[in-house]
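Asker: Take this structure, written in structure tokens, and hold onto it; I'll ask about it next.
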Amino acid sequence: MKLNHIFSALFSFLVLFQLQIVQAEQITPLESEADSALLLNQLVSVKSTSDKKDLINLIAGSNLPQRTRVLTAMQDGDLYYTKADEQLVYAKTHPDGYEISAVVNGEDLGVVGSRKVRKISINNELRTVLRGVLAELAIRSEDAAERLAAAKDLIRSPAPEFLAAIERAKAIESNDKVLESLNIAMAMINLKSDQQVLRLEAIEAFRGTLDSDAMSILAAMQLKDSDGNYLEKDELVRESSAAVLSEMRGQAKIYKLLENAFFGLSLGSVLLLTAVGLAITFGVMGVINMAHGEMMMLGAYTTYVIQLIMPNYIDYSIIVAIPAAFIVSGLVGIVIERGIIRHLYGRPLETLLATFGVSLILQQAVRSIFSPLNKSVSAPSWLSGSWEINGALSLTYNRLYIIIFSLIVLLLLVFLLKKTFVGLQMRAVTQNRAMANSMGIRTGWVDALTFGLGSGIAGIAGVALSQLTNVGPNLGQSYIIDSFMVVVFGGVGNLFGTFFAAMSLGVANKFLEPFAGAVLAKIFVLVFIILFIQWRPRGLFALKGRSVED
Amino acid sequence: MINKTIFERSAIGRLLLADKAGRYLIGVLLAAMILVPLCNLLMPAGSFFHIPTYVVVLLGKYLCYALLALALDLVWGYCGILSLGHGAFFALGGYAMGMHLMRQIGERGVYGNAELPDFMVFLNWTELPWYWYGFDSFFFAMFMVALVPAALAFVFGWLAFRSRVTGVYLSIITQAMTYALLLAFFRNDMGFGGNNGLTDFKDILGFSLQSDVTRCVLFALSALSVALAYILCRAIVSSKYGRVLVAIRDAESRTRFMGYRVEHFKLFVFVVSAMLAGIAGALYVPQVGIINPGEFGPINSIEIVIWVAIGGRGTLFGAVIGAVAVNYAKTYFTGAFPEVWLFMLGALFVISTLYLPKGIVGVVNQLRERRAERNATSTPEQGAQS
Amino acid sequence: MKSRKSIKTLAKQGSIVLAAATLSLSASIAQAADTIKVGVLHSLSGTMAISETTLKDTVLMLIEDQNKKGGILGKKLEAVVVDPASNWPLFAEKAKELLDKDKVDVIFGCWTSVSRKSVLPVIEELNGLMFYPVQYEGEESSKNVFYTGAAPNQQAIPAVDYLMSEAGGSVKRWVLAGTDYVYPRTTNKILEAYLKSKGVPEKDIMINYTPFGHSDWQTIVSDIKKFGSQGKKTAVVSTINGDANVPFYKELANQGMSAEDIPVVAFSVGEEELSGFDTGPLVGHLAAWNYFMSADAEVNDEFIDKWITYIGDEKRVTNDPMEATYIGFNMWVKAVEKAKTTDVDKVSSALIGVSVPNLTGGVATMLPNHHLTKPVLIGEIQENGQFDIVWQTEAAVPGDAWTDFLPESAKLTADWQDPKIMCGNYNTETKKCSGQNY
């Protein structure tokens with residue numbers, strides 16, 4: 001063991017020595033393949049983080065043709081070496097292990113078992129470095145979006161080495177957004193320089209932007225060490241940075257409020273989606289549907305299954321999943337209605353019992369079929385990430401789409417109930433079954449359809465939930481209570497009531513949360529509902545007329 | 001025979017004479033109260049008549065659930081208040097008892113701190129919160145067991161019944177109540193032990209909770225409580241007052257128009273029911289040895305409704321039968337079919353709703369009626385009550 | 001000379017006879033049951049089924065395997081599986097049933113702290129033997145329980161040490177985010193005390209608690225981001241439990257909080273949890289455990305192969321609590337063979353000092369405080385749902401039942417070997433144990 005240590009220490013010393021030589025000569029043109037192989041294969045032997053950092057910079061600064069690909073592969077964790085002969089390879093996952101090809105000459109080395117190769121390990125520090133050097137390379141890209149991303153990466157990984165590249169890019173940049181980001185990136189770098197003028201200029205450059213990294217670095221300049229002395233020695237720089245920072249913070253506060261409102265609406269839209277199906281089965285039909293949560297669960301599992309079926313089209317699978325989930329949950333709903341609930345009309349409390357039983361069965365069925373483990377549903381690319389309005393306000397796409405989606409669902413539903421013949425029949429049956437029957441409406445069929453509709457919408461809600469939370473057997477249970485609260489708060493049997501209830505509860509919750517914490521906020525909301533019901537015993541929007549009295 | 005006449009003349013006697021099923025139930029309870037402890041303590045371990053301790057504890061637990069179901073049946077079966085939050089009263093009673101038992105641990109906790117329960121010690125609390133004062137005293141604690149649920153029921157009921165919140169609205173806000181309490185008790189900052197709740201109890205009134213004798217006594221007390229609660233409930237529902245309750249259940253507006261203050265009747269019965277539930281919780285805690293916020297879970301409260309429905313709503317003894325039957329099924333299924341028991345339990349609920357709309361009691365009555373029809377000579381039995 | 005020899009032989013023969021007699025006696029007692037019963041007390045339904053079902057399968061696999069080897073002491077093992085359904089009082093009831101009715105010789109079970117606290121009085125009263133396989137908050141050492149998961153000093157503190165080091169990013173500002181129950185509370189208390197002892201000022205520590213199954217993380221993640229943009233390198237130490245993790249990490253990814261900026265080190269996220277994640281956006285976030293499936297050891301490869309064959313699904317993963325179950329099971333087998341009986345007291349004392357290989361290529365030893373020695377590993381989340389081990393302690397860390405970072409518990413120590421102590425909470429100041437029921 002000892003000997004081994006000494007040996008490896010010696011070896012790394014040698015490598016370092018070699019590195020320093022190369023660095024001293026700056027960029028030596030690597031002409032022969034042997035030279036480049038030597039440089040690249042050091043990736044295999046170098047172990048410590050700081051040596052790897054030097055090596056990455058070296059490769060990035062070289063004129064190796066494969067440098068971008070190597071560094072990208074390293075960043076993505078696709079760079080491996082073979083255990084047997086320590087050869088650097090690109091690896092792609094393959095059912096039998098990895099498909100590898102040599103880095104040095106691109107030779108295809110076929111498929112090897114997963115234990116035959118080892119990854120070139122990197123950590124978060126190296127990722128930061130890689131992000132920087134790759135951004136420097138990408139800043140020359142043709143595509144404006146790529147350039148913007150690269151400029152943003154440069155803001156987050158500022159290093160003096162990039163200064164020249166940024167200047168060059170600025171000179172030819174035509175896109176305003178990219179230019180702005182490049183300016184910030186340059187300011188971030190200049191802030192670290194030792195010339196006061198440059199630093200003051202850099203601080204001024206931040207004025208008007210709301211970049212969080214810029215705020216972070218300005219805030220760092222206000223910090224004191226343990227003896228109470230400022231870490232930033234230059235008083236002028238410090239004061240000017242404080243002024244810019246407070247201006248930025250003032251603006252950020254307003255956006256924070258907007259952000260909070262967005263969070264509230266987004267929570268509200270989730271509540272709306274989960275409750276609107278219940279507003280039909282419970283609100284319109286009067287069935288206390290405890291299996292509503294499980295319908296959402298079925299919808300979420302449908303999303304998972306669709307994704308399994310079309311693994312190469314993740315981006316579209318969710319679009320397919322929406323009708324599929326509607327159909328699956330809707331059909332299960334119809335079966336439940338025909339098999340069980342049909343016999344229980346007029347006995348609403350007994351529907352609670354029976355549907356509770358159904359919910360237990362469905363949960364266990366899912367557990368038996370899919371195992372009790374959570375399933376992973378990946379997010380399509382167009383649902384990931386966020387829409388950055390400015391440095392202080394960015395809205396996540398998945399939430400944004402869910403807000404829009406929930407509104408569409410609500411509007412379609414309202415349209416269906418109020419403007420179509422089927423909707424008319426549904427309303428007729430729920431208002432007066434006997435009368436509707438005598439008018440020639442097939443009440444049984446309409447009942448099944450209505451329950452199927454409510455369940456199907458729950459299924460759609462499940463698709464949305466699969467983007468936010470666990471897809472597992474307990475998915476339904478965590479939302480069922482909230483759904484009932486929303487429906488009752490809004491007024492049973494009133495879809496717009498449900499909408500207002502969901503949105504106001506969501507926003508109230510989110511504005512309470514910063515002060516009270518997540519748990520207390522929820523308790524307050526519940527107590528509020530209890531008290532509110534005292535004031536309006538039939539909910540926010542009570543139905544009027546004779547059908548109200550039971 | 002003299003005894004019998006005194007029995008017949010007493011109020012309880014008159015009640016029970018009109019209630020054959022109740023007589024059986026009380027008979028069974030009293031017999032169990034005496035026989036189970038005897039079989040556990042006196043019979044040798046190998047004997048056929050020996051009842052192992054874990055069975056005694058299990059039966060005790062069923063009886064606590066039975067008491068809880070009885071409490072729910074009183075409000076739901078006879079007054080039409082479907083409470084989906086009765087677990088909250090049960091848990092509050094349990095917590096009151098648990099707090100007393102925690103104080104009894106004294107310096108025998110793992111940190112040996114005489115002043116504070118263990119969970120407060122490791123959260124660096126320095127002094128006992130005010131709401132824990134007084135729980136050192138058994139009688140104060142027993143008082144709180146009934147008072148805390150009653151107070152909550154009073155405030156909640158006073159608000160809700162006065163505003164004429166009825167039907168599903170009432171059900172859902174009772175659910176909101178228990179859910180809010182669940183979240184509140186769950187917070188460690190509340191000083192009730194957070195998710196772990198209260199546990200590691202040592203003894204009650206100086207008797208070790210681990211000893212068989214204490215367990216038998218607790219079992220006997222549970223049986224006795226169920227019997228007494230049954231008589232109380234029966235007394236309430238057979239009184240004139242009880243008939244008003246049924247009237248409220250069947251036609252609330254009409255009863256109100258006849259001049260009855262509906263909200264007062266409802267409030268009274270709701271508070272009584274909450275107290276019974278609290279007592280059930282207090283008996284439950286020393287027997288199972290733990291109380292934690294899980295008892296506030298809305299699903300637990302829904303399960304109580306299911307026990308009553310399966311036993312037979314609005315019969316009182318049906319609630320007892322339902323609670324014991326469903327919980328026995330649960331115990332048996334989770335041991336015998338750990339992988340698929342939820343299918344069975346779910347199916348049990350579905351089938352019993354579809355085919356036994358009046359619960360087990362309803363089926364028994366139906367069978368008996370049919371038999372009575374066949375032997376027309378025998379006197380007709382009492383029909384289903386609901 | 002001759003007489004001395006004969007005395008020697010006599011003594012030898014006598015001892016053999018005696019040994020044979022005791023052997024046959026113990027055998028005759030044990031023969032009353034012709035199998036050795038192993039209780040499995042893990043939730044198969046309810047909220048904890050997600051985690052615990054795997055451990056049930058692990059125990060069943062280990063039992064099957066041991067039976068193929070001929071069982072223990074010439075007897076087959078028989079599993080008794082029950083479902084406590086994530087219901088804490090039901091845990092106590094089922095433990096009672098296992099010990100009283102089924103007369104099991106050992107129980108492998110529990111996951112959450114509350115379930116363990118619930119069964120503890122039962123196991124102590126009926127003198128059962130339980131192996132608890134999950135990392136937990138410590139502050140406990142029962143005569144009848146062996147803790148094969150990590151104590152806080154075997155997970156939390158090394159993880160923080162790593163993040164403070166240069167390789168971990170020299171973190172200066174800390175968010176301690178957890179689910180509001182006893183494990184995160186205790187761990188965060190310990191970490192807070194530890195960080196302060198390392199000179200981290202109060203304002204650089206943010207503590208946040210959320211309820212179980214919390215699903216809306218928008219506000220909290222946005223707060224963390226804000227907290228992290230105050231000019232110092234920030235990291236999140238997450239003790240967020242189970243179900244709440246998926247929405248938490250999804251929100252992290254969507255709000256663009258990458259591991260390079262603010263790394264999250266989790267104590268409750270393992271391979272099994274990751275299999276329910278979309279790991280792409282999470283690469284680089286960390287977890288601290290005593291075992292990772294990616295550990296490079298022969299015995300680990302064997303275990304993984306065995307598991308995949310047993311479960312019949314190539315995609316199934318292994319995780320830390322499974323390793324803890326594996327270690328606990330093997331220790332129990334070894335101790336039973338050593339004690340030549342399944343008698344709880346004898347097996348318990350035989351267990352102390354037993355060493356078995358762990359799955360990371362080292363050795364786990366049972367300490368007198370009923371905890372194990374364990375290596376601590378830090379892994380980075382990879383795209384394929386595995387962890388890449390980036391750091392590990394050089395030697396195995398002995399588990400400490402009572403942490404040194406809380407004033408009340410620093411005084412306590414557990415020792416089930418030293419005849420002068422023989423208790424789980426010996427107070428080194430008053431030289432007393434308290435609250436022992438036995």
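Letters A, B, ... mark the chains of the structure tokens in the order given; residue numbers begin at 1 per chain; ligand numbers begin at 1, in order shown.
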Select from segment 91-305 of chain B everything DSSP, run on the backbone, classes as helix (DSSP H, G or I), then give the selection as a PyMOL selection string.

Answerer: chain B and resi 91-108+118-122+130-132+138-162+167-186+188-190+194-196+212-238+240-250+252-257+262-288+293-296+298-305

Asker: Using the selection just defined, write its residues with C-alpha atoms as a short mmCIF file (atom, residue, chain, number, x, y, z; two decimals), in the first residue's frame.

Answerer:
```
data_model
loop_
_atom_site.label_atom_id
_atom_site.label_comp_id
_atom_site.auth_asym_id
_atom_site.auth_seq_id
_atom_site.Cartn_x
_atom_site.Cartn_y
_atom_site.Cartn_z
CA ALA B 91 -56.55 11.88 19.27
CA LEU B 92 -56.98 14.87 21.58
CA GLY B 93 -58.18 12.58 24.36
CA GLY B 94 -55.24 10.36 23.58
CA TYR B 95 -52.81 13.25 23.75
CA ALA B 96 -54.19 14.36 27.10
CA MET B 97 -53.62 10.85 28.42
CA GLY B 98 -50.24 10.64 26.73
CA MET B 99 -49.14 13.89 28.33
CA HIS B 100 -49.99 12.54 31.74
CA LEU B 101 -48.09 9.34 31.03
CA MET B 102 -45.12 11.39 29.80
CA ARG B 103 -45.08 13.33 33.05
CA GLN B 104 -45.18 10.05 34.94
CA ILE B 105 -41.89 9.02 33.36
CA GLY B 106 -40.19 11.72 35.42
CA GLU B 107 -36.48 11.20 35.54
CA ARG B 108 -36.64 7.76 34.03
CA ASP B 118 -36.98 13.42 26.29
CA PHE B 119 -38.06 15.02 23.04
CA MET B 120 -37.87 18.46 24.62
CA VAL B 121 -34.42 17.74 26.01
CA PHE B 122 -32.88 16.95 22.69
CA TRP B 130 -47.43 26.24 30.03
CA TYR B 131 -49.94 23.90 28.44
CA TRP B 132 -48.13 20.96 29.95
CA PHE B 138 -53.99 12.06 37.10
CA PHE B 139 -57.30 13.68 37.86
CA PHE B 140 -56.47 16.87 36.05
CA ALA B 141 -55.41 14.79 33.05
CA MET B 142 -58.62 12.76 33.16
CA PHE B 143 -60.56 15.98 33.33
CA MET B 144 -58.72 17.26 30.27
CA VAL B 145 -59.36 13.98 28.41
CA ALA B 146 -63.02 14.89 28.32
CA LEU B 147 -62.74 18.67 28.47
CA VAL B 148 -60.40 19.34 25.55
CA PRO B 149 -62.41 17.39 22.94
CA ALA B 150 -65.62 18.79 24.43
CA ALA B 151 -64.34 22.35 24.23
CA LEU B 152 -63.24 21.90 20.62
CA ALA B 153 -66.57 20.29 19.75
CA PHE B 154 -68.41 23.08 21.51
CA VAL B 155 -66.63 25.87 19.70
CA PHE B 156 -66.72 24.12 16.37
CA GLY B 157 -70.33 23.00 16.74
CA TRP B 158 -71.52 26.33 18.08
CA LEU B 159 -70.12 28.05 15.01
CA ALA B 160 -71.21 25.46 12.50
CA PHE B 161 -74.70 24.62 13.73
CA ARG B 162 -75.60 28.23 14.38
CA GLY B 167 -74.57 17.97 4.80
CA VAL B 168 -71.36 17.61 2.88
CA TYR B 169 -70.27 21.12 3.84
CA LEU B 170 -70.22 20.13 7.45
CA SER B 171 -68.47 16.86 6.66
CA ILE B 172 -65.76 18.60 4.71
CA ILE B 173 -65.09 21.26 7.31
CA THR B 174 -64.82 18.61 10.02
CA GLN B 175 -62.27 17.05 7.74
CA ALA B 176 -60.52 20.41 7.43
CA MET B 177 -60.49 20.61 11.21
CA THR B 178 -58.78 17.28 11.72
CA TYR B 179 -56.39 17.99 8.87
CA ALA B 180 -55.40 21.34 10.37
CA LEU B 181 -54.84 19.67 13.73
CA LEU B 182 -52.76 16.97 12.04
CA LEU B 183 -50.49 19.60 10.55
CA ALA B 184 -50.33 21.53 13.78
CA PHE B 185 -49.45 18.57 15.99
CA PHE B 186 -46.97 17.52 13.41
CA ASN B 188 -42.12 19.99 16.46
CA ASP B 189 -42.40 23.59 17.59
CA MET B 190 -45.83 22.84 19.05
CA GLY B 194 -43.87 16.17 16.44
CA ASN B 195 -44.19 13.15 14.21
CA ASN B 196 -42.89 10.77 16.85
CA ASP B 212 -50.16 -8.32 32.49
CA VAL B 213 -52.31 -7.23 35.41
CA THR B 214 -52.30 -3.58 34.33
CA ARG B 215 -53.18 -4.64 30.82
CA CYS B 216 -56.05 -6.76 32.02
CA VAL B 217 -57.32 -3.90 34.15
CA LEU B 218 -57.12 -1.55 31.17
CA PHE B 219 -58.95 -4.09 29.08
CA ALA B 220 -61.65 -4.46 31.71
CA LEU B 221 -61.95 -0.68 31.94
CA SER B 222 -62.34 -0.45 28.18
CA ALA B 223 -65.07 -3.08 28.22
CA LEU B 224 -66.80 -1.33 31.07
CA SER B 225 -66.54 2.02 29.28
CA VAL B 226 -68.09 0.63 26.14
CA ALA B 227 -70.92 -0.85 28.20
CA LEU B 228 -71.52 2.39 30.08
CA ALA B 229 -71.25 4.50 26.95
CA TYR B 230 -73.70 2.19 25.26
CA ILE B 231 -76.19 2.65 28.08
CA LEU B 232 -75.65 6.41 27.98
CA CYS B 233 -76.20 6.58 24.25
CA ARG B 234 -79.21 4.31 24.47
CA ALA B 235 -80.63 6.53 27.20
CA ILE B 236 -80.13 9.60 25.05
CA VAL B 237 -81.66 8.14 21.94
CA SER B 238 -84.64 6.55 23.64
CA LYS B 240 -87.87 12.33 24.14
CA TYR B 241 -84.75 14.25 23.37
CA GLY B 242 -83.52 11.41 21.19
CA ARG B 243 -86.71 11.47 19.17
CA VAL B 244 -86.08 15.12 18.38
CA LEU B 245 -82.60 14.15 17.22
CA VAL B 246 -84.04 11.61 14.84
CA ALA B 247 -86.49 14.21 13.63
CA ILE B 248 -83.58 16.55 12.92
CA ARG B 249 -81.84 13.77 11.04
CA ASP B 250 -84.84 13.07 8.87
CA GLU B 252 -84.15 19.34 9.81
CA SER B 253 -86.11 22.29 8.46
CA ARG B 254 -89.43 20.83 9.54
CA THR B 255 -88.14 20.26 13.05
CA ARG B 256 -86.92 23.82 13.18
CA PHE B 257 -90.25 25.13 12.01
CA VAL B 262 -82.12 22.52 16.29
CA GLU B 263 -78.65 23.92 16.87
CA HIS B 264 -78.89 23.35 20.63
CA PHE B 265 -79.84 19.73 20.21
CA LYS B 266 -77.10 19.19 17.72
CA LEU B 267 -74.52 20.96 19.82
CA PHE B 268 -75.35 18.90 22.90
CA VAL B 269 -75.11 15.58 21.14
CA PHE B 270 -71.96 16.63 19.30
CA VAL B 271 -70.23 17.57 22.55
CA VAL B 272 -71.26 14.33 24.25
CA SER B 273 -69.99 12.40 21.29
CA ALA B 274 -66.67 14.25 21.33
CA MET B 275 -66.23 13.45 25.01
CA LEU B 276 -66.86 9.77 24.40
CA ALA B 277 -64.33 9.85 21.58
CA GLY B 278 -61.82 11.54 23.89
CA ILE B 279 -62.31 8.86 26.52
CA ALA B 280 -61.80 6.21 23.87
CA GLY B 281 -58.51 7.88 22.95
CA ALA B 282 -57.43 8.02 26.56
CA LEU B 283 -58.04 4.29 26.98
CA TYR B 284 -56.32 3.56 23.68
CA VAL B 285 -53.01 5.26 24.42
CA PRO B 286 -51.82 3.24 27.43
CA GLN B 287 -52.74 0.04 25.63
CA VAL B 288 -50.93 0.67 22.36
CA PRO B 293 -50.28 12.97 14.88
CA GLY B 294 -51.12 10.12 12.49
CA GLU B 295 -54.29 9.62 14.55
CA PHE B 296 -55.52 12.98 13.26
CA PRO B 298 -58.42 12.39 7.63
CA ILE B 299 -58.25 8.82 6.34
CA ASN B 300 -58.49 7.50 9.91
CA SER B 301 -61.65 9.48 10.45
CA ILE B 302 -63.13 8.12 7.23
CA GLU B 303 -62.37 4.63 8.47
CA ILE B 304 -64.44 5.27 11.59
CA VAL B 305 -67.39 6.12 9.36
#
```

Asker: Define the interface residues of chain A facing chain B as those within 8 Å, counting only C-alpha atoms, and report them as a CSV table (one decimal) with C-alpha atoms, in the first residue's frame.

Answerer:
```
chain,number,residue,atom,x,y,z
A,340,ILE,CA,-71.0,0.2,-8.2
A,343,HIS,CA,-76.7,1.1,-7.3
A,344,LEU,CA,-76.1,3.9,-4.8
A,350,GLU,CA,-72.7,5.3,0.9
A,353,LEU,CA,-67.8,4.1,1.5
A,354,ALA,CA,-67.8,2.2,-1.8
A,355,THR,CA,-65.4,4.6,-3.5
A,356,PHE,CA,-63.1,4.5,-0.5
A,357,GLY,CA,-63.0,0.7,-1.1
A,358,VAL,CA,-62.3,1.3,-4.8
A,359,SER,CA,-59.5,3.6,-4.0
A,360,LEU,CA,-57.8,1.0,-1.8
A,361,ILE,CA,-58.2,-1.6,-4.5
A,364,GLN,CA,-52.9,-1.9,-4.4
A,365,ALA,CA,-53.5,-2.8,-8.0
A,481,ILE,CA,-58.3,16.4,0.8
A,484,PHE,CA,-62.6,18.5,-1.5
A,485,MET,CA,-61.7,21.8,0.3
A,488,VAL,CA,-66.7,23.0,-1.0
A,519,VAL,CA,-47.0,24.4,7.5
A,520,LEU,CA,-48.6,27.3,9.3
A,522,LYS,CA,-51.6,25.7,5.2
A,523,ILE,CA,-53.1,25.6,8.7
A,526,LEU,CA,-57.7,25.5,6.5
A,527,VAL,CA,-58.9,27.5,9.5
A,529,ILE,CA,-62.0,27.8,5.1
A,530,ILE,CA,-63.7,26.6,8.3
A,533,ILE,CA,-68.1,28.3,5.6
A,534,GLN,CA,-69.7,29.7,8.8
A,535,TRP,CA,-70.3,32.9,7.0
A,537,PRO,CA,-72.6,27.9,4.6
A,538,ARG,CA,-72.9,27.0,0.9
```

Asker: Near chain C, which residues of chain A fall within 6 Å when you count only C-alpha atoms, and what do they look like as a ChimeraX atom specification?

Answerer: /A:124,128,216-217,219-220,372-376,378,384-386,396,468-470

Asker: Could you please take those selected residues and save C-alpha atoms as a short mmCIF file (atom, residue, chain, number, x, y, z; two decimals), in the first residue's frame?

Answerer:
```
data_model
loop_
_atom_site.label_atom_id
_atom_site.label_comp_id
_atom_site.auth_asym_id
_atom_site.auth_seq_id
_atom_site.Cartn_x
_atom_site.Cartn_y
_atom_site.Cartn_z
CA ASN A 124 -18.69 20.66 -9.26
CA THR A 128 -17.62 25.30 -13.37
CA SER A 216 -24.05 38.14 -5.36
CA ILE A 217 -20.61 39.48 -6.20
CA ALA A 219 -22.96 41.66 -1.88
CA ALA A 220 -19.67 39.86 -1.31
CA PRO A 372 -44.48 0.32 -4.97
CA LEU A 373 -41.51 2.36 -6.15
CA ASN A 374 -41.97 5.78 -7.64
CA LYS A 375 -41.67 5.92 -11.40
CA SER A 376 -39.69 8.55 -13.18
CA SER A 378 -39.00 12.84 -17.54
CA SER A 384 -38.01 22.30 -18.57
CA GLY A 385 -36.18 25.36 -17.53
CA SER A 386 -37.54 28.80 -17.07
CA THR A 396 -40.63 28.16 -14.82
CA LEU A 468 -44.45 18.24 -10.69
CA THR A 469 -44.36 15.41 -8.24
CA ASN A 470 -43.90 11.68 -7.61
#
```

Asker: Would you list the contacts of Ser349 of chain C as an mmCIF file with C-alpha atoms, in the first residue's frame, taking every protein, DNA or RNA residue within 10 Å and counting only C-alpha atoms, but skipping same-chain residues closer than 3 positions in sequence?

Answerer:
```cif
data_model
loop_
_atom_site.group_PDB
_atom_site.id
_atom_site.type_symbol
_atom_site.label_atom_id
_atom_site.label_comp_id
_atom_site.auth_asym_id
_atom_site.auth_seq_id
_atom_site.Cartn_x
_atom_site.Cartn_y
_atom_site.Cartn_z
ATOM 1 C CA LYS C 143 -30.562 -3.677 24.670
ATOM 2 C CA ALA C 335 -23.557 -14.610 16.022
ATOM 3 C CA ALA C 339 -23.580 -18.752 20.275
ATOM 4 C CA VAL C 344 -31.761 -13.548 22.372
ATOM 5 C CA ASP C 345 -29.459 -12.795 25.291
ATOM 6 C CA LYS C 346 -26.750 -15.132 24.071
ATOM 7 C CA ILE C 352 -20.794 -7.485 19.925
ATOM 8 C CA GLY C 353 -17.447 -7.595 18.222
ATOM 9 C CA VAL C 354 -18.661 -9.639 15.263
ATOM 10 C CA PRO C 368 -20.624 -2.405 22.226
ATOM 11 C CA TRP C 416 -23.616 -3.339 26.375
ATOM 12 C CA GLN C 417 -20.367 -5.171 27.027
#
```

Asker: So which bits of segment 111-196 of chain A end up strand (DSSP E) when you DSSP the backbone, as a list in words?

Answerer: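 Written out, the strand (DSSP E) residues of segment 111-196 of chain A are Val111, Val112, Val117, Arg118 and Lys119 of chain A.
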
Asker: The selected residues should be written to file as a PDB file, in the first residue's frame (atoms: N, CA and C atoms).

Answerer:
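Listed below is the output, selection01.pdb:
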```pdb
ATOM      1  N   VAL A 111     -18.495  -2.572 -28.374  1.00  0.00           N
ATOM      2  CA  VAL A 111     -19.247  -2.526 -27.126  1.00  0.00           C
ATOM      3  C   VAL A 111     -18.495  -3.285 -26.044  1.00  0.00           C
ATOM      4  N   VAL A 112     -18.378  -2.682 -24.872  1.00  0.00           N
ATOM      5  CA  VAL A 112     -17.743  -3.386 -23.756  1.00  0.00           C
ATOM      6  C   VAL A 112     -18.680  -3.393 -22.558  1.00  0.00           C
ATOM      7  N   VAL A 117     -14.896  -0.328 -18.166  1.00  0.00           N
ATOM      8  CA  VAL A 117     -14.441   1.055 -18.325  1.00  0.00           C
ATOM      9  C   VAL A 117     -14.733   1.838 -17.054  1.00  0.00           C
ATOM     10  N   ARG A 118     -14.025   2.922 -16.911  1.00  0.00           N
ATOM     11  CA  ARG A 118     -14.226   3.809 -15.774  1.00  0.00           C
ATOM     12  C   ARG A 118     -14.395   5.218 -16.244  1.00  0.00           C
ATOM     13  N   LYS A 119     -15.170   5.968 -15.502  1.00  0.00           N
ATOM     14  CA  LYS A 119     -15.429   7.323 -15.936  1.00  0.00           C
ATOM     15  C   LYS A 119     -14.312   8.263 -15.510  1.00  0.00           C
TER      16      LYS A 119
END
```

Asker: When you get a sec, could you note down which chain C residues fall within 7 Å of chain B, using only C-alpha atoms, as a PyMOL selection string?

Answerer: chain C and resi 44+81-83+89+96-97+100+114+117-118+121+125+180-182+408+425+434-435

Asker: Fewer than 4 positions away in the same chain doesn't count, so skip those; otherwise give me all residues within 9 Å of segment 131-137 of chain C, counting only C-alpha atoms, as JSON, numbers by chain.

Answerer: {"C": [55, 106, 107, 108, 109, 110, 111, 112, 113, 116, 144, 145, 146, 147, 148, 149, 150, 151, 152, 154, 155, 182, 183, 184, 185, 186, 187, 267, 268, 289, 320, 321, 322, 323, 324, 325, 326, 327, 328, 329, 332, 401]}

Asker: Which residue, A:Leu134, A:Gly459, A:Phe541, A:Gly476, has the smallest gap to Thr68 of chain A when you use only C-alpha atoms?

Answerer: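 Nearest to Thr68 of chain A: A:Leu134.
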
Asker: For segment 149-164 of chain A, find every residue with an atom within 10 Å (counting only C-alpha atoms), except residues of its own chain fewer than 2 positions away, and show them as a ChimeraX atom specification.

Answerer: /A:57,61,127-141,144-147,166-170,177-193,211-214 /C:260-261

Asker: To one decimal place, how far is atom CA of Pro65 of chain A from atom CA of Ala102 of chain A in Å?

Answerer: 14.1 Å

Asker: I'd like the neighbourhood of Met293 of chain C as a count of residues only, where a residue qualifies if any of its atoms comes within 7 Å (using only C-alpha atoms), though same-chain residues fewer than 2 positions away should be ignored.

Answerer: 4

Asker: When you count only C-alpha atoms, which of these residues is closest to Gly362 of chain B: B:Leu38, B:Ile321, B:Ile81, B:Leu74?

Answerer: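 Going through B:Leu38, B:Ile321, B:Ile81, B:Leu74 one by one, the smallest distance to Gly362 of chain B is for B:Ile321.
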
Asker: If we count only C-alpha atoms and set the cut-off at 12 Å, which residues sit around Ser197 of chain C, ignoring sequence neighbours fewer than 4 positions away in its own chain? Please answer as a list of chain:residue names.

Answerer: C:Ile190, C:Leu191, C:Glu192, C:Ala193, C:Pro201, C:Glu202, C:Asp404, C:Phe405, C:Leu406
